>>> print(open('query12.cif').read())   # mmCIF, C-alpha atoms and all ligand atoms
data_upload
loop_
_atom_site.label_atom_id
_atom_site.label_comp_id
_atom_site.auth_asym_id
_atom_site.auth_seq_id
_atom_site.Cartn_x
_atom_site.Cartn_y
_atom_site.Cartn_z
CA MET A 1 86.63 55.39 -110.90
CA SER A 2 88.20 56.22 -107.60
CA GLN A 3 85.34 55.28 -105.33
CA ASN A 4 87.01 55.29 -101.96
CA ILE A 5 88.18 58.70 -100.93
CA ASN A 6 89.30 57.93 -97.45
CA HIS A 7 90.04 61.14 -95.68
CA VAL A 8 92.53 60.03 -93.07
CA LEU A 9 92.35 63.26 -91.10
CA PRO A 10 89.04 64.28 -89.50
CA ILE A 11 87.08 66.84 -91.53
CA LEU A 12 85.68 69.95 -89.87
CA CYS A 13 81.90 70.17 -90.50
CA GLU A 14 79.14 72.55 -89.56
CA CYS A 15 75.90 71.07 -88.30
CA HIS A 16 73.09 72.67 -90.32
CA ASP A 17 70.60 72.14 -87.51
CA CYS A 18 72.43 73.87 -84.64
CA GLY A 19 75.51 75.57 -86.18
CA CYS A 20 77.98 73.53 -84.08
CA PHE A 21 81.40 72.90 -85.69
CA SER A 22 82.85 69.47 -85.09
CA HIS A 23 85.45 67.14 -86.55
CA VAL A 24 84.07 64.14 -88.43
CA PRO A 25 86.46 61.19 -88.42
CA ASN A 26 86.99 58.71 -91.23
CA LEU A 27 83.89 56.51 -90.99
CA MET A 28 83.61 52.74 -91.36
CA PRO A 29 80.95 51.44 -93.82
CA GLY A 30 77.54 51.20 -92.15
CA THR A 31 78.28 53.92 -89.61
CA LYS A 32 77.28 57.54 -89.31
CA ALA A 33 78.59 60.65 -87.59
CA VAL A 34 76.16 62.75 -85.55
CA CYS A 35 76.42 66.25 -84.15
CA PRO A 36 77.64 66.18 -80.52
CA ARG A 37 75.24 69.00 -79.63
CA CYS A 38 71.90 68.16 -81.33
CA ASP A 39 72.27 64.58 -82.67
CA GLY A 40 71.78 65.75 -86.28
CA VAL A 41 73.35 63.38 -88.84
CA LEU A 42 76.52 64.94 -90.28
CA ARG A 43 77.66 62.08 -92.50
CA ARG A 44 76.73 58.51 -93.42
CA GLU A 45 79.09 55.94 -94.85
CA HIS A 46 78.01 52.92 -96.90
CA ARG A 47 79.93 50.32 -98.82
CA ASN A 48 80.00 50.96 -102.61
CA GLN A 49 77.42 53.71 -102.22
CA LEU A 50 77.93 55.27 -105.66
CA ASP A 51 77.48 51.92 -107.45
CA MET A 52 74.48 51.00 -105.28
CA ALA A 53 72.82 54.37 -105.93
CA LEU A 54 73.46 54.02 -109.68
CA ALA A 55 71.90 50.54 -109.78
CA CYS A 56 68.85 51.72 -107.79
CA ASN A 57 68.37 54.75 -110.05
CA ILE A 58 68.60 52.66 -113.24
CA ALA A 59 65.93 50.33 -111.82
CA ALA A 60 63.88 53.38 -110.75
CA LEU A 61 64.01 54.78 -114.32
CA LEU A 62 62.77 51.46 -115.76
CA PHE A 63 59.89 51.39 -113.25
CA TYR A 64 59.14 55.04 -114.04
CA VAL A 65 58.88 54.38 -117.80
CA LEU A 66 56.61 51.39 -117.08
CA MET A 67 54.51 53.52 -114.71
CA VAL A 68 53.78 56.30 -117.20
CA THR A 69 53.21 54.06 -120.23
CA THR A 70 50.90 51.35 -118.85
CA PRO A 71 47.27 51.43 -117.55
CA PHE A 72 46.92 52.55 -113.96
CA LEU A 73 43.43 51.62 -112.76
CA GLU A 74 40.30 50.36 -114.52
CA VAL A 75 36.84 51.03 -113.09
CA ARG A 76 33.67 49.20 -114.20
CA MET A 77 30.28 50.73 -113.52
CA TYR A 78 26.87 50.65 -115.33
CA ARG A 79 28.33 48.18 -117.84
CA MET A 80 30.88 50.83 -118.82
CA ASN A 81 34.57 50.83 -118.09
CA HIS A 82 37.04 53.63 -117.61
CA ILE A 83 40.81 53.16 -117.80
CA SER A 84 43.19 55.76 -116.44
CA THR A 85 46.92 56.28 -116.62
CA LEU A 86 48.96 58.20 -114.06
CA GLN A 87 48.68 61.34 -116.21
CA THR A 88 44.85 61.22 -116.46
CA GLY A 89 44.46 62.79 -112.96
CA PRO A 90 46.27 66.08 -113.66
CA TYR A 91 44.78 66.31 -117.18
CA THR A 92 41.21 65.90 -115.83
CA LEU A 93 41.87 68.45 -113.08
CA ALA A 94 43.14 70.92 -115.70
CA ASP A 95 40.08 70.20 -117.90
CA ASP A 96 37.84 71.03 -114.93
CA GLY A 97 39.62 74.39 -114.61
CA PHE A 98 41.65 73.47 -111.51
CA ILE A 99 45.02 74.38 -113.02
CA PHE A 100 46.76 74.84 -109.67
CA LEU A 101 45.72 71.38 -108.42
CA ALA A 102 46.64 69.85 -111.79
CA SER A 103 50.09 71.48 -111.63
CA VAL A 104 50.68 70.34 -108.04
CA VAL A 105 49.80 66.70 -108.82
CA PHE A 106 51.78 66.74 -112.10
CA LEU A 107 54.85 68.29 -110.48
CA PHE A 108 54.98 66.17 -107.33
CA SER A 109 54.00 62.78 -108.76
CA ILE A 110 55.34 62.89 -112.34
CA LEU A 111 57.89 65.64 -113.07
CA MET A 112 59.91 65.90 -109.83
CA PRO A 113 60.54 62.12 -109.47
CA LEU A 114 61.72 62.06 -113.12
CA LEU A 115 64.01 65.05 -112.55
CA LYS A 116 65.44 63.48 -109.39
CA ILE A 117 66.18 60.15 -111.11
CA SER A 118 67.57 61.87 -114.25
CA ILE A 119 69.96 64.13 -112.31
CA MET A 120 71.22 61.22 -110.22
CA LEU A 121 71.79 59.13 -113.36
CA VAL A 122 73.56 61.94 -115.24
CA VAL A 123 75.88 62.64 -112.30
CA LEU A 124 76.58 59.02 -111.31
CA LEU A 125 77.11 57.88 -114.93
CA GLY A 126 79.19 61.00 -115.62
CA LEU A 127 81.47 60.14 -112.70
CA ARG A 128 82.17 56.76 -114.28
CA LEU A 129 83.70 58.43 -117.36
CA SER A 130 87.48 58.76 -117.55
CA SER A 131 87.09 62.50 -118.12
CA PRO A 132 83.73 63.63 -116.72
CA PRO A 133 82.16 66.83 -118.15
CA ARG A 134 83.14 70.04 -116.33
CA TRP A 135 79.50 71.05 -115.70
CA LEU A 136 78.62 67.86 -113.78
CA TYR A 137 78.43 69.66 -110.41
CA VAL A 138 75.74 72.08 -111.71
CA PRO A 139 72.75 69.68 -111.94
CA PHE A 140 73.70 68.04 -108.63
CA ARG A 141 73.27 71.43 -106.91
CA TRP A 142 69.52 71.13 -107.65
CA MET A 143 69.10 67.76 -105.93
CA LYS A 144 68.59 69.20 -102.46
CA ARG A 145 65.81 71.47 -103.74
CA ILE A 146 64.10 68.84 -105.88
CA SER A 147 64.16 65.89 -103.45
CA PRO A 148 61.45 67.04 -100.97
CA TRP A 149 59.01 67.63 -103.86
CA ALA A 150 59.28 64.14 -105.39
CA MET A 151 56.41 62.44 -103.54
CA ILE A 152 56.07 58.94 -104.96
CA GLU A 153 55.60 57.27 -101.55
CA VAL A 154 52.89 59.79 -100.60
CA TYR A 155 51.17 59.21 -103.96
CA LEU A 156 51.17 55.46 -103.30
CA LEU A 157 49.36 56.02 -99.99
CA GLY A 158 46.91 58.39 -101.73
CA LEU A 159 46.27 55.61 -104.25
CA PHE A 160 45.60 53.16 -101.42
CA VAL A 161 42.95 55.50 -99.93
CA ALA A 162 41.41 56.19 -103.37
CA TYR A 163 41.28 52.46 -104.20
CA THR A 164 39.44 51.71 -100.94
CA ARG A 165 36.92 54.44 -101.70
CA LEU A 166 36.48 53.32 -105.31
CA THR A 167 35.81 49.69 -104.39
CA ALA A 168 32.84 50.89 -102.31
CA LEU A 169 31.27 52.35 -105.48
CA ALA A 170 32.46 50.20 -108.38
CA GLN A 171 34.52 47.23 -109.52
CA VAL A 172 38.18 48.24 -109.71
CA ASP A 173 41.04 46.45 -111.48
CA ILE A 174 44.66 47.29 -110.75
CA GLY A 175 46.90 47.93 -113.77
CA ILE A 176 50.63 47.29 -114.31
CA ALA A 177 51.38 50.96 -113.52
CA VAL A 178 50.39 50.43 -109.87
CA TYR A 179 53.00 47.68 -109.46
CA ALA A 180 55.52 49.87 -111.30
CA LEU A 181 54.67 52.71 -108.89
CA ALA A 182 55.37 50.44 -105.91
CA GLY A 183 58.66 49.32 -107.50
CA LEU A 184 59.62 52.93 -108.22
CA MET A 185 58.91 53.90 -104.61
CA ILE A 186 61.10 51.06 -103.28
CA MET A 187 63.97 51.86 -105.69
CA MET A 188 63.91 55.60 -104.95
CA ALA A 189 63.87 54.94 -101.18
CA ALA A 190 66.72 52.42 -101.58
CA ALA A 191 68.75 54.96 -103.60
CA ASP A 192 68.22 57.60 -100.89
CA MET A 193 69.25 55.17 -98.15
CA ALA A 194 72.29 53.91 -100.06
CA LEU A 195 73.84 57.28 -100.78
CA ASP A 196 75.03 60.19 -98.70
CA PRO A 197 75.02 63.12 -101.18
CA ILE A 198 78.22 64.44 -99.54
CA LYS A 199 79.99 61.39 -100.99
CA VAL A 200 79.07 62.56 -104.52
CA TRP A 201 80.35 66.07 -103.73
CA GLU A 202 83.62 64.61 -102.44
CA GLU A 203 83.97 62.49 -105.56
CA LEU A 204 83.27 65.53 -107.77
CA GLU A 205 85.89 67.54 -105.87
CA HIS A 206 88.34 64.64 -106.04
CA ARG A 207 87.91 64.63 -109.84
CA ASN A 208 88.34 68.42 -109.85
CA ILE A 209 84.80 69.00 -111.19
CA ILE A 210 84.08 72.00 -109.03
CA HIS A 211 83.15 75.63 -109.22
CA LYS A 212 86.58 77.27 -109.22
CA HIS A 213 85.74 80.56 -107.65
CA PRO A 214 88.90 82.42 -106.69
CA ILE A 215 89.14 83.01 -102.97
CA HIS A 216 90.13 86.52 -102.02
CA LYS A 217 93.62 86.50 -100.60
CA ASN A 218 92.40 87.97 -97.30
CA THR A 219 89.39 85.70 -96.99
CA LEU A 220 91.00 83.38 -94.50
CA ASP A 221 91.69 86.32 -92.20
CA THR A 222 88.52 88.34 -92.67
CA GLY A 223 85.90 85.76 -93.68
CA HIS A 224 83.49 83.73 -91.60
CA ARG A 225 83.71 79.99 -91.20
CA MET A 226 80.60 78.72 -93.02
CA GLY A 227 79.31 75.30 -94.04
CA CYS A 228 77.77 75.43 -97.53
CA HIS A 229 74.06 74.68 -97.29
CA VAL A 230 74.08 72.72 -100.55
CA CYS A 231 77.29 70.64 -100.55
CA HIS A 232 78.20 71.01 -96.82
CA ARG A 233 81.80 72.01 -97.59
CA LEU A 234 83.39 74.32 -95.08
CA ASN A 235 84.31 77.72 -96.57
CA TYR A 236 86.17 80.68 -95.13
CA ALA A 237 84.39 83.52 -96.88
CA GLN A 238 82.30 86.64 -96.58
CA ASP A 239 78.50 86.46 -96.68
CA GLY A 240 77.38 86.41 -100.33
CA ALA A 241 80.56 84.75 -101.68
CA SER A 242 80.36 81.53 -103.72
CA CYS A 243 81.12 78.08 -102.32
CA VAL A 244 84.46 76.87 -103.67
CA ARG A 245 83.04 73.42 -104.39
CA CYS A 246 79.47 73.87 -105.71
CA GLY A 247 79.32 77.60 -106.49
CA SER A 248 76.19 78.21 -104.36
CA ILE A 249 75.90 81.58 -102.67
CA LEU A 250 77.06 81.30 -99.07
CA HIS A 251 75.23 82.79 -96.12
CA ARG A 252 76.09 82.33 -92.48
CA ARG A 253 72.35 81.90 -91.85
CA LYS A 254 69.45 81.55 -94.30
CA LEU A 255 68.48 84.98 -95.65
CA ASP A 256 65.40 86.70 -94.12
CA SER A 257 64.62 83.41 -92.45
CA ILE A 258 62.49 84.76 -89.58
CA SER A 259 60.40 87.29 -91.53
CA ARG A 260 59.86 84.85 -94.41
CA THR A 261 58.82 82.02 -92.08
CA TRP A 262 56.45 84.32 -90.15
CA ALA A 263 54.79 85.49 -93.40
CA LEU A 264 54.40 81.96 -94.77
CA THR A 265 53.19 80.51 -91.44
CA ILE A 266 50.51 83.20 -90.99
CA THR A 267 49.36 82.75 -94.62
CA ALA A 268 49.12 78.98 -94.13
CA MET A 269 47.19 79.46 -90.85
CA MET A 270 44.65 81.66 -92.63
CA LEU A 271 44.27 79.14 -95.46
CA TYR A 272 43.87 76.25 -93.01
CA ILE A 273 40.37 77.57 -92.13
CA PRO A 274 38.84 77.50 -95.68
CA ALA A 275 40.73 74.24 -96.31
CA ASN A 276 38.64 72.64 -93.55
CA ILE A 277 35.36 74.52 -94.03
CA TYR A 278 34.87 74.25 -97.80
CA PRO A 279 34.38 70.91 -99.60
CA VAL A 280 37.48 69.32 -101.11
CA MET A 281 35.30 67.36 -103.55
CA THR A 282 31.74 66.66 -104.60
CA ILE A 283 30.61 63.22 -105.68
CA THR A 284 27.47 63.06 -107.86
CA ASN A 285 26.00 59.57 -107.90
CA LEU A 286 22.68 59.00 -109.74
CA GLY A 287 21.64 62.62 -109.27
CA GLN A 288 22.54 62.65 -105.58
CA ILE A 289 25.25 65.23 -104.81
CA THR A 290 27.44 64.72 -101.74
CA TYR A 291 29.88 67.43 -100.62
CA TYR A 292 32.97 66.21 -98.81
CA THR A 293 35.06 68.36 -96.55
CA ILE A 294 38.28 66.79 -95.21
CA LEU A 295 36.53 65.83 -91.96
CA GLY A 296 33.47 64.66 -93.93
CA GLY A 297 35.67 62.31 -95.94
CA ILE A 298 37.16 60.93 -92.72
CA SER A 299 33.72 60.34 -91.14
CA ASP A 300 32.65 58.62 -94.40
CA LEU A 301 35.58 56.20 -94.03
CA LEU A 302 34.60 55.63 -90.37
CA LYS A 303 30.98 54.87 -91.35
CA ALA A 304 32.27 52.30 -93.84
CA GLY A 305 34.15 50.63 -90.96
CA LEU A 306 37.56 51.60 -92.41
CA TRP A 307 38.88 53.11 -89.19
CA PRO A 308 42.62 52.43 -89.85
CA LEU A 309 42.30 54.35 -93.12
CA ALA A 310 40.21 57.08 -91.42
CA LEU A 311 42.92 57.40 -88.77
CA LEU A 312 45.63 57.62 -91.44
CA VAL A 313 43.81 60.41 -93.34
CA PHE A 314 42.96 62.19 -90.06
CA ILE A 315 46.64 62.22 -89.03
CA ALA A 316 47.93 63.20 -92.50
CA SER A 317 45.32 65.85 -93.32
CA ILE A 318 44.33 67.34 -89.95
CA ILE A 319 47.03 66.58 -87.36
CA VAL A 320 50.18 66.96 -89.49
CA PRO A 321 49.39 70.47 -90.86
CA LEU A 322 48.34 71.56 -87.34
CA ILE A 323 51.54 70.17 -85.78
CA LYS A 324 53.57 71.94 -88.48
CA LEU A 325 51.88 75.29 -87.96
CA ILE A 326 52.04 75.11 -84.14
CA SER A 327 55.68 73.96 -84.23
CA LEU A 328 56.70 76.76 -86.62
CA MET A 329 54.98 79.32 -84.36
CA LEU A 330 56.70 77.81 -81.31
CA MET A 331 60.12 77.91 -82.99
CA LEU A 332 59.61 81.49 -84.19
CA LEU A 333 58.44 82.73 -80.76
CA THR A 334 61.19 80.95 -78.81
CA THR A 335 63.74 82.42 -81.25
CA HIS A 336 62.25 85.89 -80.80
CA TYR A 337 62.52 85.67 -77.00
CA GLY A 338 65.89 83.87 -77.04
CA ILE A 339 64.60 81.00 -74.91
CA SER A 340 67.31 78.48 -74.13
CA GLN A 341 65.17 75.65 -72.70
CA HIS A 342 64.60 72.50 -74.77
CA LEU A 343 66.87 73.62 -77.63
CA ILE A 344 67.74 70.03 -78.54
CA ASP A 345 64.05 69.00 -78.46
CA ARG A 346 63.11 71.98 -80.64
CA THR A 347 65.85 71.10 -83.13
CA ARG A 348 64.56 67.51 -83.26
CA LEU A 349 61.04 68.88 -83.75
CA TYR A 350 62.31 70.89 -86.73
CA ARG A 351 63.77 67.75 -88.30
CA ILE A 352 60.46 65.91 -87.77
CA ILE A 353 58.28 68.61 -89.34
CA GLU A 354 60.60 68.78 -92.35
CA ILE A 355 59.99 65.07 -92.95
CA ILE A 356 56.27 64.76 -92.17
CA GLY A 357 54.95 67.86 -93.99
CA ARG A 358 54.77 66.25 -97.44
CA TRP A 359 52.54 63.38 -96.17
CA SER A 360 49.56 65.76 -96.04
CA MET A 361 49.39 65.58 -99.85
CA ILE A 362 47.62 62.19 -99.54
CA ASP A 363 44.16 63.81 -99.84
CA ILE A 364 45.10 65.79 -102.96
CA PHE A 365 46.57 62.73 -104.69
CA MET A 366 43.50 60.69 -103.72
CA LEU A 367 41.29 63.42 -105.21
CA SER A 368 43.23 63.41 -108.50
CA ILE A 369 42.78 59.61 -108.79
CA LEU A 370 39.02 59.76 -108.04
CA VAL A 371 38.53 62.68 -110.47
CA ALA A 372 40.32 60.73 -113.20
CA LEU A 373 38.34 57.53 -112.76
CA LEU A 374 34.83 58.38 -111.66
CA GLN A 375 33.69 60.04 -114.90
CA PHE A 376 30.58 58.20 -116.07
CA GLY A 377 28.67 60.95 -117.88
CA GLN A 378 25.84 62.42 -115.83
CA LEU A 379 25.40 59.22 -113.79
CA THR A 380 28.46 59.37 -111.57
CA TYR A 381 31.22 61.93 -111.51
CA VAL A 382 33.62 63.66 -109.11
CA ARG A 383 34.53 67.34 -109.10
CA PRO A 384 37.20 69.00 -106.95
CA GLY A 385 36.12 71.69 -104.48
CA VAL A 386 37.72 75.00 -103.54
CA GLY A 387 38.69 73.47 -100.17
CA ALA A 388 41.20 71.30 -102.07
CA ILE A 389 42.96 74.38 -103.48
CA ALA A 390 43.21 75.93 -100.01
CA PHE A 391 44.43 72.63 -98.56
CA ALA A 392 47.10 72.10 -101.26
CA LEU A 393 48.26 75.68 -100.66
CA VAL A 394 48.54 74.98 -96.90
CA VAL A 395 50.76 71.95 -97.57
CA VAL A 396 52.97 73.73 -100.13
CA ILE A 397 53.29 76.94 -98.07
CA THR A 398 54.12 75.10 -94.82
CA MET A 399 56.78 73.13 -96.72
CA PHE A 400 58.30 76.39 -97.96
CA ALA A 401 58.03 77.81 -94.42
CA SER A 402 59.93 74.92 -92.80
CA GLN A 403 62.54 74.93 -95.59
CA GLY A 404 63.03 78.68 -95.13
CA PHE A 405 63.42 78.49 -91.35
CA ASP A 406 66.98 78.25 -90.10
CA PRO A 407 67.03 76.21 -86.84
CA ARG A 408 70.51 77.57 -86.04
CA LEU A 409 68.81 80.89 -85.27
CA MET A 410 67.20 79.30 -82.19
CA TRP A 411 70.68 78.48 -80.87
CA ASP A 412 72.03 81.93 -81.85
CA ALA A 413 69.15 83.72 -80.07
CA ALA A 414 69.57 81.64 -76.90
CA LYS A 415 73.34 82.34 -76.88
CA LYS A 416 72.79 86.06 -77.43
CA ARG A 417 70.23 86.21 -74.60
CA LYS A 418 72.63 84.39 -72.26
CA GLN A 419 75.45 86.84 -73.11
CA GLN A 420 73.11 89.79 -72.53
CA ASN A 421 72.12 88.38 -69.13
CA VAL A 422 75.80 87.95 -68.18
CA THR A 423 76.54 91.56 -69.27
CA CYS A 424 73.51 92.87 -67.32
CA ASN A 425 74.60 90.94 -64.21
CA ASN A 426 78.15 92.32 -64.52
CA ILE A 427 76.81 95.91 -64.87
CA ALA A 428 74.48 95.38 -61.89
CA LEU A 429 77.40 94.00 -59.84
CA HIS A 430 79.60 96.93 -60.92
CA ASN A 431 76.89 99.47 -59.88
CA THR A 432 76.43 97.74 -56.52
CA VAL A 433 80.17 97.92 -55.84
CA LEU A 434 80.26 101.61 -56.88
CA SER A 435 77.32 102.56 -54.65
CA ALA A 436 78.88 100.62 -51.76
CA ASN A 437 82.15 102.55 -52.23
CA GLU A 438 80.30 105.87 -52.40
CA GLY A 439 78.37 104.92 -49.26
CA GLY A 440 81.71 104.23 -47.54
CA LYS A 441 83.04 107.70 -48.47
CA ILE A 442 80.00 109.39 -46.90
ZN ZN B 1 73.89 70.02 -84.37
ZN ZN B 2 78.86 74.20 -101.68
#
>>> encode(input="query12.cif", output="structure tokens")
Amino acid sequence: MSQNINHVLPILCECHDCGCFSHVPNLMPGTKAVCPRCDGVLRREHRNQLDMALACNIAALLFYVLMVTTPFLEVRMYRMNHISTLQTGPYTLADDGFIFLASVVFLFSILMPLLKISIMLVVLLGLRLSSPPRWLYVPFRWMKRISPWAMIEVYLLGLFVAYTRLTALAQVDIGIAVYALAGLMIMMAAADMALDPIKVWEELEHRNIIHKHPIHKNTLDTGHRMGCHVCHRLNYAQDGASCVRCGSILHRRKLDSISRTWALTITAMMLYIPANIYPVMTITNLGQITYYTILGGISDLLKAGLWPLALLVFIASIIVPLIKLISLMLMLLTTHYGISQHLIDRTRLYRIIEIIGRWSMIDIFMLSILVALLQFGQLTYVRPGVGAIAFALVVVITMFASQGFDPRLMWDAAKKRKQQNVTCNNIALHNTVLSANEGGKI
């Protein structure tokens, strides 16, 4: 396999955070190229990154199989014991009629991580073949969409919170699946750190496994210069054409970005209120029913003296969604008014909210673990509340909102406003000169 594709000449790249075009030189292993305008990472280079990523993904698959086939947690209470697997949470939620919550937990903790590992293995193993299959670029196109929804590390933190809560009520034993989950998290993080996806795209192109869409003969003259949002290859094409490397539909900017982000942000803001007012779960213990809102759960942790955990849940469940909503509003308004101040800071803020949004799922994962384990007939049981549905919707919708927002529009709007101001000043100057001339004639 030809692993080292050393492009001797610098490659022209578009920064997907600010729209700046810059030349990326041939990088040394362990280095990265950043955008000269907004500091966004354009490329990373690692030694043997394809082999490293393959090894990490094979290990991740082994941990995954172990995780879904072995016992997760065992709870002992009233001389009874209850063993759960990772799948028990979503199944119990579905049994209780909370299909949406069951689907969210199943997708983000079980299905998406498996899809991510499988696609990486298919592509990386396929590239090791002497004649790789022609369709190999197709599954890799989905990686960018799937990655943010595989939330193993968030699930692990949710488990940590659930375990602390469970130990206050019952005796809890940790199963092999918990260690497998930790191993899976480490391997998936290592695979992400080891590999720059652009390297895979370059290798696919080098092996001629690409979407061979014919370029119109006039495209170079009439088309726009556009970086593909999926594989980052620079194309000279019209809006709506296909990327020559991955076949994705090209757009100079994300379609309907502003209106879509406004709609999703306002919906999430409205849902944020019931998410905090209504209980996310009810715990019935020996006939005593306790309703927990998100804040109620945090104050319960504080009363138990677990303030680091209370702080963690407070940040993840209250602060992070608020920061996301306020930041999205700020970015939308500054784009609307073409404000040019703090463009770099706003672009950095966009990158931060894209990363932190998923961490708010901690509470939902914790709920699914408690619901699965605390089922001791009429003595002790946990039921989800409607607040949990509203909260999960807030997290999912704000993630869609930040993914749909195109930060380059902030830079475009500021540039347009500046040009308008220059034109207005020129017209004003022209009128002043004209009136001065007319005054002279009189
Ligand atoms: Zn940039
Ligand atoms: Zn592409």
>>> closest_residue(input="query12.cif", among="A:Met281, A:Leu325, A:Ala168, A:Ala275", to="A:Leu301", atoms="all atoms listed in the file")
A:Ala168
>>> atom_distance(input="query12.cif", atom1="atom CA of A:Arg128", atom2="atom CA of A:Asn48")
13.2 Å
>>> residues_near_point(input="query12.cif", point="(78.0, 50.3, -101.7)", cutoff="10 Å", atoms="all atoms listed in the file", output="PDB file with C-alpha atoms, in the frame of the given file")
ATOM      1  CA  GLN A   3      85.340  55.280-105.330  1.00  0.00           C
ATOM      2  CA  PRO A  29      80.950  51.440 -93.820  1.00  0.00           C
ATOM      3  CA  GLY A  30      77.540  51.200 -92.150  1.00  0.00           C
ATOM      4  CA  GLU A  45      79.090  55.940 -94.850  1.00  0.00           C
ATOM      5  CA  HIS A  46      78.010  52.920 -96.900  1.00  0.00           C
ATOM      6  CA  ARG A  47      79.930  50.320 -98.820  1.00  0.00           C
ATOM      7  CA  ASN A  48      80.000  50.960-102.610  1.00  0.00           C
ATOM      8  CA  GLN A  49      77.420  53.710-102.220  1.00  0.00           C
ATOM      9  CA  LEU A  50      77.930  55.270-105.660  1.00  0.00           C
ATOM     10  CA  ASP A  51      77.480  51.920-107.450  1.00  0.00           C
ATOM     11  CA  MET A  52      74.480  51.000-105.280  1.00  0.00           C
ATOM     12  CA  ALA A  53      72.820  54.370-105.930  1.00  0.00           C
ATOM     13  CA  LEU A  54      73.460  54.020-109.680  1.00  0.00           C
ATOM     14  CA  ALA A 194      72.290  53.910-100.060  1.00  0.00           C
ATOM     15  CA  LEU A 195      73.840  57.280-100.780  1.00  0.00           C
TER      16      LEU A 195
END
>>> residues_near_point(input="query12.cif", point="(82.9, 65.9, -84.4)", cutoff="12 Å", atoms="all atoms listed in the file", output="number ranges by chain")
A: 9-15, 20-27, 32-43
>>> atom_distance(input="query12.cif", atom1="atom CA of A:Cys56", atom2="atom CA of A:Ala191")
5.3 Å
>>> residues_near_ligand(input="query12.cif", ligand="ligand ZN 2 (chain B)", cutoff="6 Å", atoms="all atoms listed in the file", output="number ranges by chain")
A: 228, 230-233, 243, 245-248
>>> residues_around(input="query12.cif", residues="A:Ala241", least_positions_apart="5", cutoff="8 Å", atoms="all atoms listed in the file", output="list in words")
Ile249, Leu250 and His251 of chain A
>>> residues_around(input="query12.cif", residues="stretch 372-383 of chain A", least_positions_apart="5", cutoff="7 Å", atoms="only C-alpha atoms", output="list in words")
Val75, His82, Ser84, Thr88, Gly89, Thr92, Met281, Thr282, Ile283, Thr284, Asn285, Leu286 and Gly287 of chain A
>>> residues_around(input="query12.cif", residues="stretch 307-321 of chain A", least_positions_apart="2", cutoff="8 Å", atoms="all atoms listed in the file", output="PDB file with C-alpha atoms, in the frame of the given file")
ATOM      1  CA  VAL A 161      42.950  55.500 -99.930  1.00  0.00           C
ATOM      2  CA  ILE A 294      38.280  66.790 -95.210  1.00  0.00           C
ATOM      3  CA  LEU A 295      36.530  65.830 -91.960  1.00  0.00           C
ATOM      4  CA  ILE A 298      37.160  60.930 -92.720  1.00  0.00           C
ATOM      5  CA  SER A 299      33.720  60.340 -91.140  1.00  0.00           C
ATOM      6  CA  LEU A 301      35.580  56.200 -94.030  1.00  0.00           C
ATOM      7  CA  LEU A 302      34.600  55.630 -90.370  1.00  0.00           C
ATOM      8  CA  GLY A 305      34.150  50.630 -90.960  1.00  0.00           C
ATOM      9  CA  ILE A 323      51.540  70.170 -85.780  1.00  0.00           C
ATOM     10  CA  LYS A 324      53.570  71.940 -88.480  1.00  0.00           C
ATOM     11  CA  LEU A 325      51.880  75.290 -87.960  1.00  0.00           C
ATOM     12  CA  ILE A 356      56.270  64.760 -92.170  1.00  0.00           C
ATOM     13  CA  GLY A 357      54.950  67.860 -93.990  1.00  0.00           C
ATOM     14  CA  TRP A 359      52.540  63.380 -96.170  1.00  0.00           C
ATOM     15  CA  SER A 360      49.560  65.760 -96.040  1.00  0.00           C
ATOM     16  CA  MET A 361      49.390  65.580 -99.850  1.00  0.00           C
ATOM     17  CA  ILE A 362      47.620  62.190 -99.540  1.00  0.00           C
ATOM     18  CA  ASP A 363      44.160  63.810 -99.840  1.00  0.00           C
ATOM     19  CA  VAL A 394      48.540  74.980 -96.900  1.00  0.00           C
ATOM     20  CA  VAL A 395      50.760  71.950 -97.570  1.00  0.00           C
ATOM     21  CA  THR A 398      54.120  75.100 -94.820  1.00  0.00           C
TER      22      THR A 398
END
>>> closest_residue(input="query12.cif", among="A:Leu393, A:Met112, A:Ile339, A:Ile344", to="ligand ZN 1 (chain B)", atoms="only C-alpha atoms and all ligand atoms")
A:Ile344
>>> closest_residue(input="query12.cif", among="A:Thr69, A:Ser402, A:Asn208, A:Asn421", to="A:Pro132", atoms="all atoms listed in the file")
A:Asn208
>>> closest_residue(input="query12.cif", among="A:Pro148, A:Gly240, A:Gly227, A:Pro274", to="A:Leu255", atoms="only C-alpha atoms")
A:Gly240
>>> atom_distance(input="query12.cif", atom1="atom CA of A:Gln403", atom2="atom CA of A:Ile277")
27.2 Å
>>> closest_residue(input="query12.cif", among="A:Met410, A:Leu62, A:Thr164, A:Lys144", to="A:Ile369", atoms="only C-alpha atoms")
A:Thr164
